[in-house]
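Here is the file structure.cif (mmCIF, C-alpha atoms).
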```cif
data_run
#
loop_
_atom_site.label_atom_id
_atom_site.label_comp_id
_atom_site.auth_asym_id
_atom_site.auth_seq_id
_atom_site.Cartn_x
_atom_site.Cartn_y
_atom_site.Cartn_z
CA MET V 2 10.47 5.92 -15.37
CA ASN V 3 6.88 6.92 -14.66
CA ASN V 4 7.97 9.48 -12.07
CA LYS V 5 11.26 10.60 -13.64
CA PHE V 6 10.18 10.98 -17.26
CA GLY V 7 6.36 10.97 -17.02
CA LYS V 8 6.14 7.86 -19.19
CA ASN V 9 3.63 5.16 -18.41
CA PHE V 10 5.53 2.04 -19.55
CA ASN V 11 3.22 -0.94 -19.19
CA ILE V 12 4.24 -4.61 -19.20
CA ASP V 13 3.38 -5.20 -22.86
CA PHE V 14 5.55 -2.26 -23.88
CA LEU V 15 8.51 -3.42 -21.77
CA ARG V 16 8.31 -6.90 -23.27
CA SER V 17 8.32 -5.57 -26.84
CA HIS V 18 10.97 -2.90 -26.10
CA SER V 19 13.45 -4.92 -24.08
CA THR V 20 16.51 -2.64 -24.24
CA ILE V 21 17.40 0.70 -22.63
CA ARG V 22 18.08 2.13 -26.11
CA LEU V 23 14.46 1.51 -27.16
CA HIS V 24 13.20 3.05 -23.91
CA ALA V 25 15.37 6.13 -24.53
CA GLU V 26 14.02 6.54 -28.06
CA VAL V 27 10.45 6.63 -26.79
CA ILE V 28 11.36 9.11 -24.04
CA LYS V 29 13.06 11.41 -26.57
CA SER V 30 10.11 11.16 -28.96
CA GLY V 31 7.76 12.70 -26.41
CA LYS V 32 5.14 10.03 -27.14
CA ASP V 33 3.35 8.14 -24.41
CA THR V 34 2.93 4.37 -24.40
CA VAL V 35 -0.55 4.37 -22.87
CA GLU V 36 -3.39 6.65 -23.91
CA ASP V 37 -5.15 8.82 -21.32
CA ARG V 38 -2.32 8.51 -18.80
CA PHE V 39 -3.63 9.36 -15.34
CA VAL V 40 -1.85 12.19 -13.52
CA ILE V 41 -2.44 13.85 -10.16
CA GLU V 42 -3.41 17.50 -10.50
CA LYS V 43 -3.67 20.11 -7.79
CA SER V 44 -7.27 20.54 -6.70
CA PHE V 45 -8.75 23.64 -5.13
CA ILE V 46 -11.59 22.33 -3.02
CA ASP V 47 -12.92 23.06 0.43
CA ASN V 48 -10.76 21.27 2.99
CA MET V 49 -13.75 20.51 5.16
CA GLU V 50 -15.50 17.83 3.12
CA PRO V 51 -13.40 16.39 0.27
CA GLU V 52 -14.37 13.08 -1.28
CA VAL V 53 -12.86 9.75 -0.22
CA SER V 54 -11.44 7.07 -2.48
CA ALA V 55 -13.28 3.81 -3.20
CA LEU V 56 -10.89 1.84 -1.00
CA GLN V 57 -11.30 4.35 1.84
CA LYS V 58 -15.06 3.80 1.62
CA SER V 59 -14.45 0.06 1.93
CA PHE V 60 -12.20 0.51 4.96
CA TYR V 61 -14.75 2.84 6.57
CA LEU V 62 -17.54 0.31 6.19
CA MET V 63 -15.38 -2.63 7.30
CA HIS V 64 -14.17 -0.67 10.33
CA HIS V 65 -17.71 0.11 11.45
CA SER V 66 -18.74 -3.51 11.10
CA ARG V 67 -16.41 -4.15 14.03
CA THR V 68 -14.95 -1.08 15.71
CA ASP V 69 -12.98 -2.98 18.38
CA THR V 70 -10.55 -4.64 15.96
CA THR V 71 -6.96 -3.71 15.10
CA ALA V 72 -7.16 -5.63 11.81
CA TYR V 73 -6.93 -2.35 9.87
CA ASN V 74 -4.03 -0.90 11.86
CA VAL V 75 -0.73 -0.48 10.00
CA PRO V 76 2.05 -0.51 12.62
CA HIS V 77 5.72 0.11 11.87
CA VAL V 78 8.58 -0.45 14.32
CA LEU V 79 12.14 0.83 13.93
CA SER V 80 15.14 0.02 16.11
CA PHE V 81 17.91 2.51 16.94
CA SER V 82 21.21 2.00 18.73
CA ASN V 83 22.04 5.70 19.04
CA SER V 84 20.54 7.88 21.74
CA LEU V 85 17.50 9.89 20.66
CA ASN V 86 16.52 13.46 21.38
CA HIS V 87 12.94 12.87 22.44
CA GLU V 88 11.72 16.46 22.05
CA LYS V 89 13.39 16.86 18.66
CA LEU V 90 11.89 13.63 17.34
CA GLU V 91 8.43 14.60 18.57
CA ARG V 92 8.80 17.99 16.89
CA SER V 93 9.87 16.31 13.63
CA LEU V 94 6.86 13.98 13.67
CA ASN V 95 4.47 16.86 14.25
CA THR V 96 6.05 18.75 11.37
CA ILE V 97 5.32 15.70 9.19
CA ILE V 98 1.67 15.84 10.29
CA GLU V 99 1.51 19.51 9.35
CA ARG V 100 3.04 18.73 5.93
CA HIS V 101 0.66 15.90 5.01
CA GLU V 102 -3.06 16.63 5.39
CA ILE V 103 -4.09 12.99 5.44
CA LEU V 104 -2.31 12.58 8.82
CA ARG V 105 -4.70 15.14 10.35
CA THR V 106 -7.87 13.84 8.72
CA THR V 107 -10.96 12.23 10.20
CA PHE V 108 -13.82 10.43 8.42
CA HIS V 109 -17.56 10.95 8.76
CA LEU V 110 -20.91 9.78 7.43
CA ASP V 111 -23.70 12.22 6.58
CA ASN V 112 -26.79 11.41 4.49
CA ASN V 113 -25.19 8.18 3.27
CA ARG V 114 -22.10 10.11 2.11
CA ILE V 115 -18.67 9.29 3.52
CA TYR V 116 -16.36 12.28 3.52
CA GLN V 117 -13.05 13.49 4.92
CA ASN V 118 -12.56 16.30 7.40
CA ILE V 119 -9.06 17.75 7.10
CA HIS V 120 -8.21 19.53 10.34
CA SER V 121 -6.05 22.64 10.33
CA HIS V 122 -3.99 21.34 13.24
CA ASN V 123 -3.22 18.03 14.92
CA ARG V 124 -0.42 17.59 17.41
CA ILE V 125 0.55 14.18 18.79
CA THR V 126 2.54 13.35 21.91
CA LEU V 127 5.49 11.01 21.51
CA ASP V 128 4.95 8.74 24.51
CA TYR V 129 8.02 7.31 26.25
CA PHE V 130 8.30 3.86 27.85
CA GLU V 131 11.07 1.68 29.22
CA SER V 132 11.35 -2.11 29.15
CA HIS V 133 13.66 -4.43 31.05
CA ASN V 134 13.27 -7.65 29.07
CA GLU V 135 11.93 -8.97 25.77
CA GLY V 136 8.58 -9.89 27.29
CA GLU V 137 8.00 -6.34 28.54
CA THR V 138 8.94 -4.95 25.14
CA ARG V 139 6.50 -7.26 23.36
CA ASN V 140 3.68 -6.34 25.75
CA LEU V 141 4.33 -2.61 25.35
CA VAL V 142 4.26 -2.84 21.55
CA GLU V 143 1.06 -4.91 21.60
CA ASN V 144 -0.63 -2.45 23.98
CA LEU V 145 0.35 0.51 21.81
CA ILE V 146 -1.46 -1.01 18.82
CA ARG V 147 -5.09 -0.40 19.70
CA PRO V 148 -8.30 0.43 17.79
CA PHE V 149 -8.91 3.86 16.27
CA GLU V 150 -12.09 5.94 16.10
CA LEU V 151 -12.30 7.24 12.55
CA ASP V 152 -14.20 10.40 13.46
CA LYS V 153 -11.61 11.47 16.07
CA LEU V 154 -8.02 12.62 15.89
CA SER V 155 -5.49 11.23 15.73
CA LEU V 156 -5.42 8.31 13.29
CA PHE V 157 -1.62 8.38 13.53
CA ARG V 158 0.27 7.58 16.75
CA ALA V 159 3.89 7.29 17.84
CA ALA V 160 5.82 6.11 20.89
CA ILE V 161 9.39 5.45 22.00
CA ILE V 162 10.41 2.34 23.94
CA PHE V 163 13.85 2.34 25.55
CA GLN V 164 15.04 -1.27 25.85
CA ARG V 165 17.24 -0.77 28.88
CA TYR V 166 18.46 -4.38 28.90
CA ILE V 167 20.15 -3.98 25.48
CA ASN V 168 20.50 -0.18 25.39
CA ARG V 169 18.42 0.29 22.22
CA TYR V 170 15.41 2.40 21.27
CA LEU V 171 12.28 1.38 19.39
CA LEU V 172 10.21 3.91 17.50
CA VAL V 173 6.67 2.52 17.25
CA LEU V 174 4.40 4.13 14.67
CA ASP V 175 0.78 3.12 14.15
CA ALA V 176 -1.91 4.41 11.80
CA HIS V 177 -5.27 3.30 10.49
CA HIS V 178 -5.10 1.84 7.00
CA ILE V 179 -7.69 4.35 5.78
CA ILE V 180 -5.00 7.07 5.77
CA ILE V 181 -1.83 5.17 4.92
CA ASP V 182 -0.19 2.37 2.98
CA GLY V 183 3.20 0.72 3.37
CA PHE V 184 4.90 3.04 0.87
CA SER V 185 3.71 6.06 2.88
CA TYR V 186 5.98 5.03 5.75
CA ASP V 187 8.96 5.33 3.38
CA ILE V 188 7.99 8.95 2.72
CA ILE V 189 7.36 9.69 6.39
CA LEU V 190 10.61 8.15 7.65
CA LYS V 191 12.70 9.82 4.95
CA GLU V 192 11.30 13.20 5.93
CA VAL V 193 11.63 12.52 9.66
CA ILE V 194 15.34 11.75 9.24
CA LEU V 195 15.89 14.97 7.27
CA LEU V 196 13.97 17.12 9.76
CA TYR V 197 15.59 15.47 12.78
CA ASN V 198 19.00 16.33 11.30
CA ASP V 199 17.95 19.96 10.73
CA ILE V 200 17.85 19.60 6.94
CA LYS V 201 15.27 21.88 5.36
CA ILE V 202 12.79 20.35 2.91
CA GLY V 203 10.29 22.06 0.67
CA LEU V 204 6.55 21.90 1.21
CA PRO V 205 4.76 19.09 -0.66
CA GLU V 206 2.97 20.32 -3.76
CA LEU V 207 0.37 17.56 -3.75
CA GLN V 208 -1.91 16.10 -1.08
CA TYR V 209 -3.94 12.90 -0.99
CA LYS V 210 -7.18 14.82 -1.63
CA ASP V 211 -5.63 15.90 -4.96
CA TYR V 212 -5.22 12.25 -5.94
CA VAL V 213 -8.82 11.42 -5.02
CA GLN V 214 -10.25 14.40 -6.87
CA SER V 215 -8.04 13.78 -9.93
CA PHE V 216 -9.15 10.14 -10.02
CA LEU V 217 -12.82 11.12 -9.81
CA ASN V 218 -12.37 13.68 -12.62
CA ALA V 219 -10.29 11.41 -14.88
CA LYS V 220 -11.54 9.62 -17.97
CA HIS V 221 -11.24 5.90 -17.38
CA GLY V 222 -12.17 4.78 -20.87
CA ASP V 223 -14.19 1.59 -21.02
CA ALA V 224 -13.10 0.37 -17.59
CA ALA V 225 -16.66 -0.50 -16.59
CA GLY V 226 -17.19 -2.46 -19.80
CA PHE V 227 -13.93 -4.32 -19.28
CA TRP V 228 -14.86 -5.49 -15.79
CA GLU V 229 -18.41 -6.37 -16.84
CA ASN V 230 -16.99 -8.64 -19.51
CA GLU V 231 -14.26 -10.00 -17.24
CA LEU V 232 -16.75 -10.92 -14.51
CA LYS V 233 -19.71 -11.82 -16.71
CA ASN V 234 -19.80 -15.38 -15.40
CA SER V 235 -21.54 -15.94 -12.10
CA PHE V 236 -19.24 -17.14 -9.34
CA ALA V 237 -20.38 -19.35 -6.51
CA VAL V 238 -18.66 -19.54 -3.13
CA SER V 239 -15.81 -22.01 -3.48
CA LYS V 240 -16.19 -25.36 -1.76
CA PHE V 241 -13.03 -26.86 -0.37
CA GLY V 242 -14.35 -30.41 -0.11
CA LYS V 243 -12.65 -32.46 2.60
CA HIS V 244 -10.23 -29.62 3.40
CA LYS V 245 -11.25 -27.92 6.62
CA ILE V 246 -10.93 -24.13 6.52
CA SER V 247 -9.78 -22.56 9.78
CA LYS V 248 -8.96 -18.98 10.73
CA GLY V 249 -5.63 -19.44 9.04
CA GLU V 250 -2.16 -20.64 9.91
CA ARG V 251 1.32 -19.68 8.80
CA SER V 252 3.60 -22.16 7.11
CA VAL V 253 7.24 -21.14 6.79
CA PHE V 254 9.76 -22.78 4.49
CA THR V 255 13.19 -21.83 3.22
CA MET V 256 14.74 -22.07 -0.22
CA ASP V 257 18.46 -22.18 -0.88
CA SER V 258 19.91 -19.31 -2.90
CA THR V 259 20.86 -21.51 -5.88
CA THR V 260 17.30 -22.77 -6.34
CA TYR V 261 15.90 -19.26 -5.91
CA ASP V 262 18.34 -17.80 -8.44
CA ASN V 263 17.52 -20.56 -10.94
CA ILE V 264 13.78 -19.96 -10.63
CA THR V 265 13.92 -16.15 -10.76
CA GLY V 266 16.48 -16.25 -13.57
CA TYR V 267 14.27 -18.49 -15.68
CA ILE V 268 11.21 -16.35 -14.97
CA THR V 269 12.60 -12.83 -15.24
CA GLU V 270 15.60 -13.08 -17.56
CA LYS V 271 14.61 -15.74 -20.06
CA ASN V 272 10.86 -15.18 -20.23
CA TYR V 273 10.43 -11.53 -19.16
CA LEU V 274 7.95 -12.52 -16.48
CA SER V 275 7.71 -11.29 -12.90
CA VAL V 276 8.03 -13.25 -9.67
CA PHE V 277 4.56 -11.96 -8.80
CA THR V 278 3.24 -13.69 -11.92
CA LEU V 279 4.83 -16.96 -10.81
CA LEU V 280 3.32 -16.72 -7.32
CA THR V 281 -0.10 -15.75 -8.70
CA ALA V 282 -0.11 -18.70 -11.09
CA ALA V 283 0.99 -21.06 -8.31
CA TYR V 284 -1.74 -19.74 -6.01
CA LYS V 285 -4.34 -20.26 -8.76
CA LEU V 286 -3.19 -23.87 -9.24
CA PHE V 287 -3.30 -24.38 -5.47
CA LEU V 288 -6.87 -23.06 -5.18
CA SER V 289 -8.04 -25.04 -8.18
CA GLY V 290 -6.61 -28.20 -6.67
CA LEU V 291 -8.35 -27.60 -3.34
CA THR V 292 -11.73 -26.77 -4.89
CA ASN V 293 -11.58 -29.02 -7.95
CA ASP V 294 -12.75 -26.00 -9.95
CA LYS V 295 -11.05 -24.68 -13.09
CA ASP V 296 -12.60 -21.23 -12.72
CA VAL V 297 -11.67 -19.68 -9.35
CA LEU V 298 -11.89 -15.93 -8.78
CA PHE V 299 -9.62 -14.45 -6.11
CA GLY V 300 -8.33 -11.04 -5.09
CA ALA V 301 -4.83 -9.60 -5.51
CA THR V 302 -3.49 -6.43 -3.93
CA PHE V 303 -1.54 -3.88 -5.96
CA ALA V 304 0.52 -0.97 -4.62
CA GLY V 305 -1.02 1.56 -7.03
CA ARG V 306 2.15 3.66 -6.96
CA ASN V 307 2.80 3.61 -10.71
CA ILE V 308 1.18 7.04 -10.99
CA PRO V 309 3.60 9.92 -11.71
CA ARG V 310 4.48 11.85 -8.52
CA SER V 311 2.60 9.42 -6.27
CA ASP V 312 5.94 8.86 -4.49
CA GLU V 313 5.53 12.35 -2.99
CA VAL V 314 2.11 11.73 -1.45
CA VAL V 315 1.25 10.09 1.87
CA GLY V 316 -2.04 8.21 1.61
CA LEU V 317 -3.79 5.04 0.54
CA PHE V 318 -2.96 4.15 -3.06
CA MET V 319 -3.14 0.36 -2.88
CA ASN V 320 -6.03 -1.42 -4.52
CA SER V 321 -7.50 -4.90 -4.57
CA LEU V 322 -8.49 -6.30 -7.94
CA PRO V 323 -10.28 -9.55 -8.83
CA VAL V 324 -8.13 -12.03 -10.72
CA ASN V 325 -10.01 -14.37 -13.02
CA LEU V 326 -7.73 -17.09 -14.41
CA VAL V 327 -9.45 -19.92 -16.22
CA MET V 328 -7.55 -23.20 -16.21
CA ASP V 329 -6.83 -24.78 -19.59
CA GLU V 330 -5.42 -28.29 -19.34
CA PHE V 331 -3.86 -27.99 -22.80
CA LEU V 332 -1.60 -25.08 -21.83
CA SER V 333 2.03 -25.76 -20.96
CA ASN V 334 3.50 -24.27 -17.77
CA LYS V 335 5.17 -21.51 -19.77
CA GLU V 336 1.98 -20.73 -21.66
CA PHE V 337 -0.01 -20.58 -18.43
CA LEU V 338 2.56 -18.17 -16.93
CA GLU V 339 2.36 -15.95 -20.01
CA TYR V 340 -1.45 -16.04 -19.83
CA THR V 341 -1.28 -15.08 -16.13
CA GLN V 342 1.06 -12.16 -16.83
CA LYS V 343 -1.21 -10.85 -19.58
CA LYS V 344 -4.25 -11.02 -17.33
#
```
What would the structure in this file look like if it were written as structure tokens?
Amino acid sequence: MNNKFGKNFNIDFLRSHSTIRLHAEVIKSGKDTVEDRFVIEKSFIDNMEPEVSALQKSFYLMHHSRTDTTAYNVPHVLSFSNSLNHEKLERSLNTIIERHEILRTTFHLDNNRIYQNIHSHNRITLDYFESHNEGETRNLVENLIRPFELDKLSLFRAAIIFQRYINRYLLVLDAHHIIIDGFSYDIILKEVILLYNDIKIGLPELQYKDYVQSFLNAKHGDAAGFWENELKNSFAVSKFGKHKISKGERSVFTMDSTTYDNITGYITEKNYLSVFTLLTAAYKLFLSGLTNDKDVLFGATFAGRNIPRSDEVVGLFMNSLPVNLVMDEFLSNKEFLEYTQKK
């Protein structure tokens, strides 16, 4: 609804206007549901040194704290059973790079200022490899995902692996997180498919630099005051007591469909809450139990794609926000979930 009708429907509005009829009435009225709705506007600035977003600054600094890591790579692998025209696919990918400036951008530091350099041209080579077993395939993919240098092109790579033993192709894409998020791959792949099939598409009207400049120029109300109040308490580093903290492990469990449907039905249909709210509340309870602390601050990542027309733009829209949930032993489970959703 944000992108189609230009209406910024927040959670509180959706809870109080729970039917399509009520949504339609607001759309027809021409009124917005949130004041000072942020929109991306076309900017006319020098391509050489546009500003970077706050999260891009963070990624730049984290990258340079350890330049040999692939922790900030965002790889994407697709499998195809049909034969591929290698030259045509390479041409399609390079057309995508020409269409989206962020895919031909490098990042630099000058006088304590981090800035982008949007290059007029950047052509990549679609490397071709063959594998004869699963082990070879795994090694090839792992070797293709390697560190980037942020001040050098290209921060976007692609390769084809032909799995001869099963007669399938893998398209391996890799980019540094400073130029891309997961949603960007949806845009890229959609356009690649259209171009590969000789379907003409119009030039994008907006670029990522337009988003950054619009955000810097926008009025954000009392955002600073809100966060100062939200984080006014001092937070110490959490102590996990007898629980030993390692580099991290993965624990996998399955849930039968009936249990899942019962949980999601209770959360989303009966209480107008989101599954994300349930998981956030559960994570808060988990952390509080480990630390024996009612007030635990942790970070949550948001896609940031609720901005009108952001679905047209390749770039980094995600954001990490601090979540401050204070435990109250007198709240019921439902009340705690509602409190979590509101926060």
*For each of V:Val314, V:Pro76, V:Phe303, V:Val40, take the minimum atom-to-atom distance to V:Phe277, counting all atoms listed in the file, then give the residue where this is smallest.*
V:Phe303
_Since I can't run it myself right now, could you work out what the PyMOL selection byres ((chain V and resi 56) around 8) selects here and report it as a VMD selection string?_
chain V and resid 54 to 55 57 to 60 179 317 320
*What do you get, as an NGL selection string, if you spell out every residue that the PyMOL selection byres ((chain V and resi 205) around 9) selects here?*
:V and (100-101 or 202-204 or 206-208 or 313-314)
Let me know the residues the PyMOL selection byres ((chain V and resi 284-294) around 8) catches in the file above, as a short mmCIF file (atom, residue, chain, number, x, y, z; two decimals) with C-alpha atoms, in the frame of the given file.
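Writing done, so here's selection-v2.cif:
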```
data_model
loop_
_atom_site.label_atom_id
_atom_site.label_comp_id
_atom_site.auth_asym_id
_atom_site.auth_seq_id
_atom_site.Cartn_x
_atom_site.Cartn_y
_atom_site.Cartn_z
CA SER V 239 -15.81 -22.01 -3.48
CA LYS V 240 -16.19 -25.36 -1.76
CA PHE V 241 -13.03 -26.86 -0.37
CA GLY V 242 -14.35 -30.41 -0.11
CA HIS V 244 -10.23 -29.62 3.40
CA LEU V 280 3.32 -16.72 -7.32
CA THR V 281 -0.10 -15.75 -8.70
CA ALA V 282 -0.11 -18.70 -11.09
CA ALA V 283 0.99 -21.06 -8.31
CA LYS V 295 -11.05 -24.68 -13.09
CA ASP V 296 -12.60 -21.23 -12.72
CA VAL V 297 -11.67 -19.68 -9.35
CA LEU V 326 -7.73 -17.09 -14.41
#
```
*Any idea what's packed within 10 Å of stretch 142-153 of chain V, counting all atoms listed in the file, ignoring anything in its chain fewer than 3 positions away? Could you give it as a PyMOL selection string?*
chain V and resi 61+64-65+68-76+78+105-110+117-118+128+137-139+156-162+171-177+179-180
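For the atom pair formed by atom CA of V:Tyr129 and atom CA of V:Leu141, the distance is 10.6 Å, given to one decimal.
Restricting the calculation to all atoms listed in the file, the smallest distance between V:Ser121 and any of V:Glu135, V:Glu102, V:Glu229, V:Glu270 is found for V:Glu102.
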*Smallest atom-to-atom distance to V:Met63: which of V:Met319, V:Trp228, V:His178, V:His87, using all atoms listed in the file?*
V:His178
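When atom CA of V:Thr269 is paired with atom CA of V:Met328, their separation reads 22.7 Å.
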*With only C-alpha atoms as the atoms that count, which of V:Arg124, V:Lys89, V:Lys210, V:Arg67 lies nearest to V:Val193?*
V:Lys89
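Atom pair atom CA of V:Asn168 / atom CA of V:Ile194: separated by 20.7 Å.
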Where's the centre, and what are the edge lengths in Å to one decimal, of a box along x, y and z enclosing all listed atoms of stretch 206-218 of chain V padded 8 Å per side, as lines of an AutoDock Vina configuration file?
```
center_x = -4.9
center_y = 15.2
center_z = -6.8
size_x = 31.8
size_y = 26.2
size_z = 27.6
```
*Write out as a PyMOL selection string each polymer residue whose atoms come within 7 Å of V:Glu131, counting all atoms listed in the file; drop sequence neighbours fewer than 5 positions from it.*
chain V and resi 162-165
